[in-house]
Amino acid sequence: MKDATESSNIVSLTQRLDPSSERGGALLNTVRDIAGRRLQILVNGMFEHVDDALFDLAEKAENNAAQMHYFDGMREVRKRRPIVERSFLSQISRELSDFASSYRNNNTSNGNGISLPPGTVELSLVADNELEESLAITSMIGKNETRLTRDLFAVNQRLSVIYGGIKIDDGSNPVGPAALSQAFRQAMRELNAEMRVKLIIYKLFDRYVLASLDELYQEINAELVRAGVLPQLRHEVVGRGGSAPRPTGAAADAGDVAGMEQGEGTFLAEDEAGASSELIQTLRTLFSARRSVPAAQTRIPAGAMQLPSANELIGALSVLQSQAAINQQMPVGSANALELAGEVQQLKEHLLAQIGSLRGEKPSQVSTIDEDTIDLVGMLFEFILEDRNLPTEMQVLLARLQIPYLKAAILDRKLFAHRQHPARRLLDALADAAKGWSAESDRDHRLHDKIKSIVDRLLQDFDDDMTIFERLCTELQEFQDISRRRAELAEQRVAESTRGREKLEQARRRAAREILSRIEGQHLPPLIHGILSRAWANYLVLTILRQGEESSEFRDALRFANDFIDSTKPARTLDERRALRQMLPGIERALRRGLANVAFQESDIDRLLAQLHTYYRHQLGEAVPEAEVQAVEESTTLPIPESIQPIAESEAELARSEPAPEPPADTPEMRLVAELKPGTWLEFVTGPETVERAKLSWISPMSGRYLFVNRRGLKVADYAPHELAQALASDTARVLESSALFDRALDAIVGRLSQPATAQAPIE
């Protein structure tokens, strides 16, 4: 039998060891050795995979520049890897050694060290790259803290004993996911690589280091239990819908531990094989921080009403969904938007009331995970009702989907975590189709009726079969494909028509410049002037359109104009008459061919040439009756069809027809216009109370004008760049967002939750 006076080797949580004492120091060295050895193996194995990952990405890169970034990253990792590894491991060792003193001296630090309070996310304005990095780190920490809850809890409690009773939680544990991730982030500062390369390495760190921490914690716990540190420690997780007993024995002295309370969890519930997006992980942290009452204070006492189970929530939502399906059969108008906004905000209360009706008693609350899910879905649909990207009629239609989407989110927690989730893709596709809707472009109601039918079917048919979202998504895609093919044909015709009109205008201006530069200031007979300014100018236009301005045909046509004008000069000497006689056959041939090309009738050509013969006989000094000469020189009625009109009467008139020069592109609106790409949707105010939505279909390479069509491919408007910039500046035009509805909504929700509780603004 043991002597009653013999000291026990078992250390309870109420006892404290001094880390500077012999036993405390030995235990600390044990933990440090285990962590150093295992982390060295893990981080070394992780770096062995970096080369392959970056090489694969380089092979699949979208362009040469991206490929070079990955190859540069590979070279940088090979060169700096030993320094990064040493920096990481030395930081962990140093933190384990210095934790007790640094925690006492600076237990509110918000830097990069491990003393961040659990769940803290720095939300100050930072550069985009730094924000991406922070979100990646936050995602890794949150996911692994949730996954490792049991082992991490035990390590926290036992390290608390070694460090003299300092309370240690997930965020302050020197070997916890938070500390390891922040230490690795600090070590990565040694790496001079692009952020896209760093993010790949962070994912590999998550996959090969953090994902293998189970064995590290199990070995630390086993060694400390062997040394007698809290050998009877228990960790009990409270299940959904009920209260759980408090830990007994030594664990009872551990106090309340974050994450061990009623309803622990998150709306993210992700696959073991993959992480949710960094943005979603940030939402998890923000929802956790938003709760003003700590979990320990919201514990439901024994005997209290059970929280609603998932089945109860689904049952109550099904009843509410049936009621909504009946209401959906009633006419829906924009006047319902305000009423719907109230319904969206009150859904949680309606849900509790419905559960109370089914139970016979109304619960006062739901579990944390369900409350987060209800709030997140509510915020999503608040965003839909405030989203200026959607026409009001479409906002009202889509807002009816709140109950089916809440039911889907409870049935499948991955809805918000995965961009390719069928329910998420369906809502994004509905919003994308609705973005281009307007009453004018949907006179046959095809699009409106299709979206309404999908909403109706979700309300009426969705029970618990999640495949309905995939089926409806496929159906909507097929409808959109048919509509798009029809629209593309109309769009192509509009673009070709606009392109042809611009080419014609450009050709007319070029032809007018060429003719006017030759005849202005010349005293030409009406016959010659009329032929050049009307018939031959139109022939020049036709030649430019058919053969182009650089063609030999166009050069020949200009040469004829020069010769034709030269032929009007007086021929007084024998040589001048001989030269004119030599020119005349060529002039007649060219003129006959050219006039035939611009739709002159043969009889008109003969009459015109007869008048020219009279004119040239007089020029050559031949005997011509005075009346005939006078008729040719003074006649204002020429044998030229009325359809062939002058292109321009003067240089001044031509200048007025030229497009107005654009102002310098030095305004925000001009820069925005320059960045617009075909496919971008805009909203135009077309009247006091009317708006039209149109897609940028084509940008003219000749005039630079922007052509806009509606969803049916019909022309709505076309603008010069400076005209469009003026419309944007005056708010008669507005660019619609091109990103997916879900992504924009989550960004807006993060922005709202990041504000202080007293200053939260509506989601926009």
# chains A, B, ... in the order shown; residues from 1 in each chain; ligands from 1

call {"tool": "residues_around", "arguments": {"residues": "Glu361 (chain A)", "least_positions_apart": "5", "cutoff": "10 Å", "atoms": "only C-alpha atoms", "output": "ChimeraX atom specification"}}
result
/A:305,352-356

call {"tool": "write_last_selection", "arguments": {"atoms": "all heavy atoms", "output": "mmCIF file, in the first residue's frame"}}
result
data_model
loop_
_atom_site.group_PDB
_atom_site.id
_atom_site.type_symbol
_atom_site.label_atom_id
_atom_site.label_comp_id
_atom_site.auth_asym_id
_atom_site.auth_seq_id
_atom_site.Cartn_x
_atom_site.Cartn_y
_atom_site.Cartn_z
ATOM 1 N N MET A 305 -36.900 23.048 -22.325
ATOM 2 C CA MET A 305 -37.465 22.601 -23.599
ATOM 3 C C MET A 305 -36.355 22.244 -24.582
ATOM 4 O O MET A 305 -35.369 22.947 -24.700
ATOM 5 C CB MET A 305 -38.330 23.722 -24.177
ATOM 6 C CG MET A 305 -39.068 23.302 -25.442
ATOM 7 S SD MET A 305 -39.897 24.707 -26.200
ATOM 8 C CE MET A 305 -40.913 25.261 -24.851
ATOM 9 N N LEU A 352 -40.535 29.560 -35.734
ATOM 10 C CA LEU A 352 -40.709 29.148 -34.337
ATOM 11 C C LEU A 352 -42.191 28.983 -34.011
ATOM 12 O O LEU A 352 -42.585 28.053 -33.291
ATOM 13 C CB LEU A 352 -40.066 30.175 -33.402
ATOM 14 C CG LEU A 352 -38.531 30.224 -33.408
ATOM 15 C CD1 LEU A 352 -38.033 31.400 -32.581
ATOM 16 C CD2 LEU A 352 -37.952 28.927 -32.863
ATOM 17 N N ALA A 353 -43.000 29.904 -34.551
ATOM 18 C CA ALA A 353 -44.439 29.810 -34.293
ATOM 19 C C ALA A 353 -45.015 28.533 -34.905
ATOM 20 O O ALA A 353 -45.865 27.860 -34.296
ATOM 21 C CB ALA A 353 -45.149 31.039 -34.864
ATOM 22 N N GLN A 354 -44.544 28.170 -36.093
ATOM 23 C CA GLN A 354 -45.043 26.964 -36.745
ATOM 24 C C GLN A 354 -44.600 25.711 -35.994
ATOM 25 O O GLN A 354 -45.377 24.757 -35.839
ATOM 26 C CB GLN A 354 -44.547 26.909 -38.194
ATOM 27 C CG GLN A 354 -45.122 25.766 -39.017
ATOM 28 C CD GLN A 354 -46.632 25.824 -39.084
ATOM 29 O OE1 GLN A 354 -47.208 26.858 -39.392
ATOM 30 N NE2 GLN A 354 -47.291 24.711 -38.771
ATOM 31 N N ILE A 355 -43.355 25.712 -35.501
ATOM 32 C CA ILE A 355 -42.889 24.580 -34.692
ATOM 33 C C ILE A 355 -43.737 24.464 -33.436
ATOM 34 O O ILE A 355 -44.125 23.373 -33.011
ATOM 35 C CB ILE A 355 -41.392 24.742 -34.341
ATOM 36 C CG1 ILE A 355 -40.540 24.610 -35.607
ATOM 37 C CG2 ILE A 355 -40.961 23.703 -33.315
ATOM 38 C CD1 ILE A 355 -39.085 24.956 -35.397
ATOM 39 N N GLY A 356 -44.036 25.637 -32.829
ATOM 40 C CA GLY A 356 -44.900 25.631 -31.644
ATOM 41 C C GLY A 356 -46.264 25.059 -31.949
ATOM 42 O O GLY A 356 -46.846 24.318 -31.140
#

call {"tool": "select_by_dssp", "arguments": {"residues": "region 308-438 of chain A", "states": "alpha helix (DSSP H)", "output": "ChimeraX atom specification"}}
result
/A:310-328,337-359,368-386,392-399,402-411,422-435

call {"tool": "residues_around", "arguments": {"residues": "Val50 (chain A)", "least_positions_apart": "3", "cutoff": "12 Å", "atoms": "only C-alpha atoms", "output": "short mmCIF file (atom, residue, chain, number, x, y, z; two decimals) with all heavy atoms, in the first residue's frame"}}
result
data_model
loop_
_atom_site.label_atom_id
_atom_site.label_comp_id
_atom_site.auth_asym_id
_atom_site.auth_seq_id
_atom_site.Cartn_x
_atom_site.Cartn_y
_atom_site.Cartn_z
N VAL A 43 6.22 19.47 -42.64
CA VAL A 43 6.49 20.61 -43.51
C VAL A 43 7.45 20.21 -44.63
O VAL A 43 7.36 20.69 -45.76
CB VAL A 43 7.00 21.82 -42.70
CG1 VAL A 43 8.48 21.69 -42.34
CG2 VAL A 43 6.77 23.12 -43.46
N ASN A 44 8.37 19.27 -44.31
CA ASN A 44 9.27 18.76 -45.34
C ASN A 44 8.48 18.01 -46.41
O ASN A 44 8.70 18.19 -47.61
CB ASN A 44 10.31 17.84 -44.69
CG ASN A 44 11.39 17.43 -45.68
OD1 ASN A 44 11.23 16.46 -46.40
ND2 ASN A 44 12.48 18.16 -45.72
N GLY A 45 7.53 17.18 -45.99
CA GLY A 45 6.70 16.46 -46.94
C GLY A 45 5.84 17.39 -47.77
O GLY A 45 5.61 17.16 -48.97
N MET A 46 5.38 18.49 -47.13
CA MET A 46 4.58 19.46 -47.86
C MET A 46 5.38 20.10 -48.99
O MET A 46 4.92 20.19 -50.13
CB MET A 46 4.08 20.54 -46.89
CG MET A 46 3.18 21.60 -47.51
SD MET A 46 4.08 23.03 -48.17
CE MET A 46 4.74 23.75 -46.70
N PHE A 47 6.60 20.51 -48.70
CA PHE A 47 7.43 21.16 -49.72
C PHE A 47 7.80 20.20 -50.85
O PHE A 47 8.07 20.63 -51.97
CB PHE A 47 8.69 21.76 -49.09
CG PHE A 47 8.50 23.15 -48.59
CD1 PHE A 47 8.56 23.44 -47.23
CD2 PHE A 47 8.23 24.19 -49.47
CE1 PHE A 47 8.37 24.73 -46.77
CE2 PHE A 47 8.05 25.48 -49.01
CZ PHE A 47 8.12 25.76 -47.66
N ALA A 53 2.93 20.57 -57.86
CA ALA A 53 1.69 21.36 -57.94
C ALA A 53 1.89 22.57 -58.84
O ALA A 53 1.04 22.86 -59.71
CB ALA A 53 1.25 21.80 -56.55
N LEU A 54 3.00 23.29 -58.65
CA LEU A 54 3.25 24.48 -59.47
C LEU A 54 3.52 24.11 -60.92
O LEU A 54 3.12 24.84 -61.84
CB LEU A 54 4.41 25.28 -58.89
CG LEU A 54 4.17 25.94 -57.52
CD1 LEU A 54 5.42 26.67 -57.04
CD2 LEU A 54 2.99 26.91 -57.59
N PHE A 55 4.19 22.98 -61.14
CA PHE A 55 4.45 22.56 -62.52
C PHE A 55 3.14 22.22 -63.24
O PHE A 55 2.94 22.59 -64.40
CB PHE A 55 5.40 21.36 -62.53
CG PHE A 55 5.83 20.95 -63.91
CD1 PHE A 55 6.85 21.62 -64.57
CD2 PHE A 55 5.19 19.91 -64.57
CE1 PHE A 55 7.24 21.26 -65.86
CE2 PHE A 55 5.57 19.53 -65.85
CZ PHE A 55 6.60 20.22 -66.49
N ASP A 56 2.26 21.50 -62.54
CA ASP A 56 0.96 21.16 -63.15
C ASP A 56 0.18 22.43 -63.49
O ASP A 56 -0.44 22.52 -64.56
CB ASP A 56 0.13 20.31 -62.18
CG ASP A 56 0.68 18.90 -62.07
OD1 ASP A 56 1.49 18.51 -62.93
OD2 ASP A 56 0.32 18.19 -61.11
N LEU A 57 0.20 23.41 -62.60
CA LEU A 57 -0.52 24.66 -62.85
C LEU A 57 0.10 25.43 -64.01
O LEU A 57 -0.60 26.06 -64.80
CB LEU A 57 -0.54 25.52 -61.59
CG LEU A 57 -1.46 25.01 -60.48
CD1 LEU A 57 -1.18 25.74 -59.18
CD2 LEU A 57 -2.92 25.17 -60.86
N TYR A 70 4.31 30.86 -62.41
CA TYR A 70 4.43 29.59 -61.69
C TYR A 70 5.87 29.06 -61.76
O TYR A 70 6.39 28.54 -60.77
CB TYR A 70 3.45 28.56 -62.29
CG TYR A 70 2.01 28.87 -61.97
CD1 TYR A 70 1.07 29.03 -62.99
CD2 TYR A 70 1.58 29.01 -60.66
CE1 TYR A 70 -0.26 29.31 -62.70
CE2 TYR A 70 0.25 29.30 -60.36
CZ TYR A 70 -0.66 29.45 -61.39
OH TYR A 70 -1.97 29.73 -61.10
N PHE A 71 6.51 29.19 -62.91
CA PHE A 71 7.90 28.74 -63.01
C PHE A 71 8.82 29.57 -62.12
O PHE A 71 9.74 29.04 -61.47
CB PHE A 71 8.37 28.79 -64.47
CG PHE A 71 7.83 27.67 -65.32
CD1 PHE A 71 7.36 27.91 -66.60
CD2 PHE A 71 7.80 26.37 -64.83
CE1 PHE A 71 6.86 26.88 -67.39
CE2 PHE A 71 7.31 25.33 -65.62
CZ PHE A 71 6.84 25.59 -66.89
N GLY A 73 7.89 30.98 -59.40
CA GLY A 73 7.59 30.53 -58.04
C GLY A 73 8.32 29.25 -57.70
O GLY A 73 8.83 29.08 -56.58
N MET A 74 8.39 28.31 -58.66
CA MET A 74 9.12 27.05 -58.42
C MET A 74 10.58 27.34 -58.10
O MET A 74 11.15 26.76 -57.15
CB MET A 74 9.02 26.16 -59.66
CG MET A 74 7.64 25.56 -59.89
SD MET A 74 7.48 24.80 -61.53
CE MET A 74 8.75 23.55 -61.46
N ARG A 75 11.19 28.24 -58.89
CA ARG A 75 12.61 28.55 -58.66
C ARG A 75 12.81 29.21 -57.29
O ARG A 75 13.76 28.90 -56.57
CB ARG A 75 13.13 29.46 -59.77
CG ARG A 75 13.38 28.74 -61.09
CD ARG A 75 14.13 29.62 -62.07
NE ARG A 75 13.27 30.70 -62.56
CZ ARG A 75 12.49 30.59 -63.63
NH1 ARG A 75 12.46 29.47 -64.31
NH2 ARG A 75 11.75 31.61 -64.03
N GLU A 76 11.90 30.11 -56.95
CA GLU A 76 12.02 30.81 -55.67
C GLU A 76 11.86 29.85 -54.50
O GLU A 76 12.58 29.94 -53.50
CB GLU A 76 10.96 31.92 -55.59
CG GLU A 76 10.95 32.72 -54.30
CD GLU A 76 12.17 33.60 -54.12
OE1 GLU A 76 12.99 33.72 -55.06
OE2 GLU A 76 12.33 34.18 -53.02
N VAL A 77 10.93 28.90 -54.60
CA VAL A 77 10.71 27.92 -53.52
C VAL A 77 11.95 27.04 -53.35
O VAL A 77 12.39 26.77 -52.23
CB VAL A 77 9.46 27.07 -53.80
CG1 VAL A 77 9.39 25.88 -52.84
CG2 VAL A 77 8.20 27.92 -53.67
N ARG A 78 12.51 26.58 -54.47
CA ARG A 78 13.71 25.74 -54.37
C ARG A 78 14.85 26.48 -53.67
O ARG A 78 15.60 25.91 -52.88
CB ARG A 78 14.16 25.30 -55.76
CG ARG A 78 13.23 24.31 -56.44
CD ARG A 78 13.62 24.11 -57.89
NE ARG A 78 12.66 23.26 -58.61
CZ ARG A 78 12.64 23.12 -59.91
NH1 ARG A 78 13.53 23.76 -60.67
NH2 ARG A 78 11.74 22.34 -60.49
N ARG A 81 13.48 27.54 -49.77
CA ARG A 81 12.82 26.54 -48.93
C ARG A 81 13.51 26.31 -47.58
O ARG A 81 12.84 26.33 -46.54
CB ARG A 81 12.70 25.22 -49.70
CG ARG A 81 12.24 24.05 -48.85
CD ARG A 81 12.19 22.77 -49.65
NE ARG A 81 12.02 21.61 -48.79
CZ ARG A 81 11.89 20.36 -49.24
NH1 ARG A 81 11.93 20.12 -50.55
NH2 ARG A 81 11.74 19.36 -48.39
N VAL A 197 0.96 32.18 -56.16
CA VAL A 197 1.85 31.07 -55.81
C VAL A 197 1.77 30.80 -54.31
O VAL A 197 1.69 29.65 -53.85
CB VAL A 197 3.30 31.38 -56.23
CG1 VAL A 197 4.26 30.32 -55.70
CG2 VAL A 197 3.39 31.48 -57.74
N LYS A 198 1.76 31.87 -53.52
CA LYS A 198 1.68 31.70 -52.06
C LYS A 198 0.38 31.00 -51.66
O LYS A 198 0.36 30.16 -50.76
CB LYS A 198 1.79 33.06 -51.36
CG LYS A 198 3.19 33.65 -51.38
CD LYS A 198 3.28 34.87 -50.47
CE LYS A 198 4.70 35.39 -50.36
NZ LYS A 198 4.82 36.51 -49.42
N LEU A 199 -0.72 31.35 -52.33
CA LEU A 199 -2.00 30.73 -51.98
C LEU A 199 -1.98 29.23 -52.27
O LEU A 199 -2.58 28.45 -51.53
CB LEU A 199 -3.13 31.41 -52.75
CG LEU A 199 -3.45 32.86 -52.32
CD1 LEU A 199 -4.51 33.46 -53.22
CD2 LEU A 199 -3.89 32.91 -50.87
N ILE A 200 -1.29 28.84 -53.34
CA ILE A 200 -1.15 27.40 -53.63
C ILE A 200 -0.38 26.73 -52.49
O ILE A 200 -0.74 25.65 -52.02
CB ILE A 200 -0.41 27.19 -54.97
CG1 ILE A 200 -1.22 27.77 -56.14
CG2 ILE A 200 -0.13 25.71 -55.20
CD1 ILE A 200 -2.60 27.19 -56.28
N ILE A 201 0.68 27.38 -52.02
CA ILE A 201 1.49 26.79 -50.94
C ILE A 201 0.67 26.71 -49.66
O ILE A 201 0.76 25.73 -48.90
CB ILE A 201 2.78 27.61 -50.74
CG1 ILE A 201 3.63 27.55 -52.02
CG2 ILE A 201 3.58 27.08 -49.55
CD1 ILE A 201 4.86 28.44 -51.99
N TYR A 202 -0.17 27.72 -49.40
CA TYR A 202 -1.03 27.67 -48.21
C TYR A 202 -1.99 26.48 -48.29
O TYR A 202 -2.25 25.79 -47.29
CB TYR A 202 -1.83 28.96 -48.06
CG TYR A 202 -1.02 30.12 -47.51
CD1 TYR A 202 -1.06 31.37 -48.11
CD2 TYR A 202 -0.21 29.96 -46.38
CE1 TYR A 202 -0.31 32.44 -47.62
CE2 TYR A 202 0.54 31.01 -45.88
CZ TYR A 202 0.48 32.25 -46.51
OH TYR A 202 1.22 33.29 -46.01
N LYS A 203 -2.53 26.22 -49.48
CA LYS A 203 -3.43 25.07 -49.62
C LYS A 203 -2.68 23.76 -49.36
O LYS A 203 -3.23 22.84 -48.75
CB LYS A 203 -4.04 25.07 -51.02
CG LYS A 203 -5.05 26.18 -51.26
CD LYS A 203 -5.70 26.07 -52.63
CE LYS A 203 -6.65 27.24 -52.87
NZ LYS A 203 -7.77 27.25 -51.93
N LEU A 204 -1.44 23.70 -49.82
CA LEU A 204 -0.64 22.49 -49.57
C LEU A 204 -0.29 22.38 -48.09
O LEU A 204 -0.24 21.27 -47.53
CB LEU A 204 0.62 22.52 -50.42
CG LEU A 204 0.38 22.44 -51.94
CD1 LEU A 204 1.70 22.64 -52.69
CD2 LEU A 204 -0.25 21.12 -52.32
N PHE A 205 -0.03 23.50 -47.44
CA PHE A 205 0.22 23.49 -45.99
C PHE A 205 -1.00 22.95 -45.26
O PHE A 205 -0.89 22.15 -44.32
CB PHE A 205 0.54 24.92 -45.53
CG PHE A 205 0.82 25.03 -44.05
CD1 PHE A 205 2.06 24.67 -43.52
CD2 PHE A 205 -0.16 25.51 -43.19
CE1 PHE A 205 2.31 24.79 -42.16
CE2 PHE A 205 0.09 25.64 -41.83
CZ PHE A 205 1.33 25.28 -41.31
N ARG A 207 -3.24 20.93 -46.56
CA ARG A 207 -3.45 19.52 -46.91
C ARG A 207 -2.44 18.59 -46.26
O ARG A 207 -2.80 17.48 -45.82
CB ARG A 207 -3.38 19.38 -48.43
CG ARG A 207 -3.64 17.96 -48.93
CD ARG A 207 -3.53 17.89 -50.44
NE ARG A 207 -4.46 18.80 -51.10
CZ ARG A 207 -4.45 19.04 -52.41
NH1 ARG A 207 -3.54 18.45 -53.18
NH2 ARG A 207 -5.33 19.86 -52.93
N TYR A 208 -1.18 19.01 -46.18
CA TYR A 208 -0.13 18.09 -45.72
C TYR A 208 0.36 18.34 -44.30
O TYR A 208 1.02 17.48 -43.73
CB TYR A 208 1.05 18.13 -46.69
CG TYR A 208 0.71 17.57 -48.04
CD1 TYR A 208 0.50 18.41 -49.14
CD2 TYR A 208 0.56 16.20 -48.24
CE1 TYR A 208 0.17 17.91 -50.39
CE2 TYR A 208 0.23 15.69 -49.48
CZ TYR A 208 0.04 16.54 -50.55
OH TYR A 208 -0.30 16.03 -51.77
#

call {"tool": "residues_around", "arguments": {"residues": "region 725-736 of chain A", "least_positions_apart": "2", "cutoff": "10 Å", "atoms": "only C-alpha atoms", "output": "number ranges by chain"}}
result
A: 388-390, 435-436, 665, 667-674, 676, 680-687, 691-695, 719-723, 738-739

call {"tool": "closest_residue", "arguments": {"among": "A:Gln547, A:Gln321, A:Ser134, A:Ser483", "to": "Ile403 (chain A)", "atoms": "only C-alpha atoms"}}
result
A:Gln321
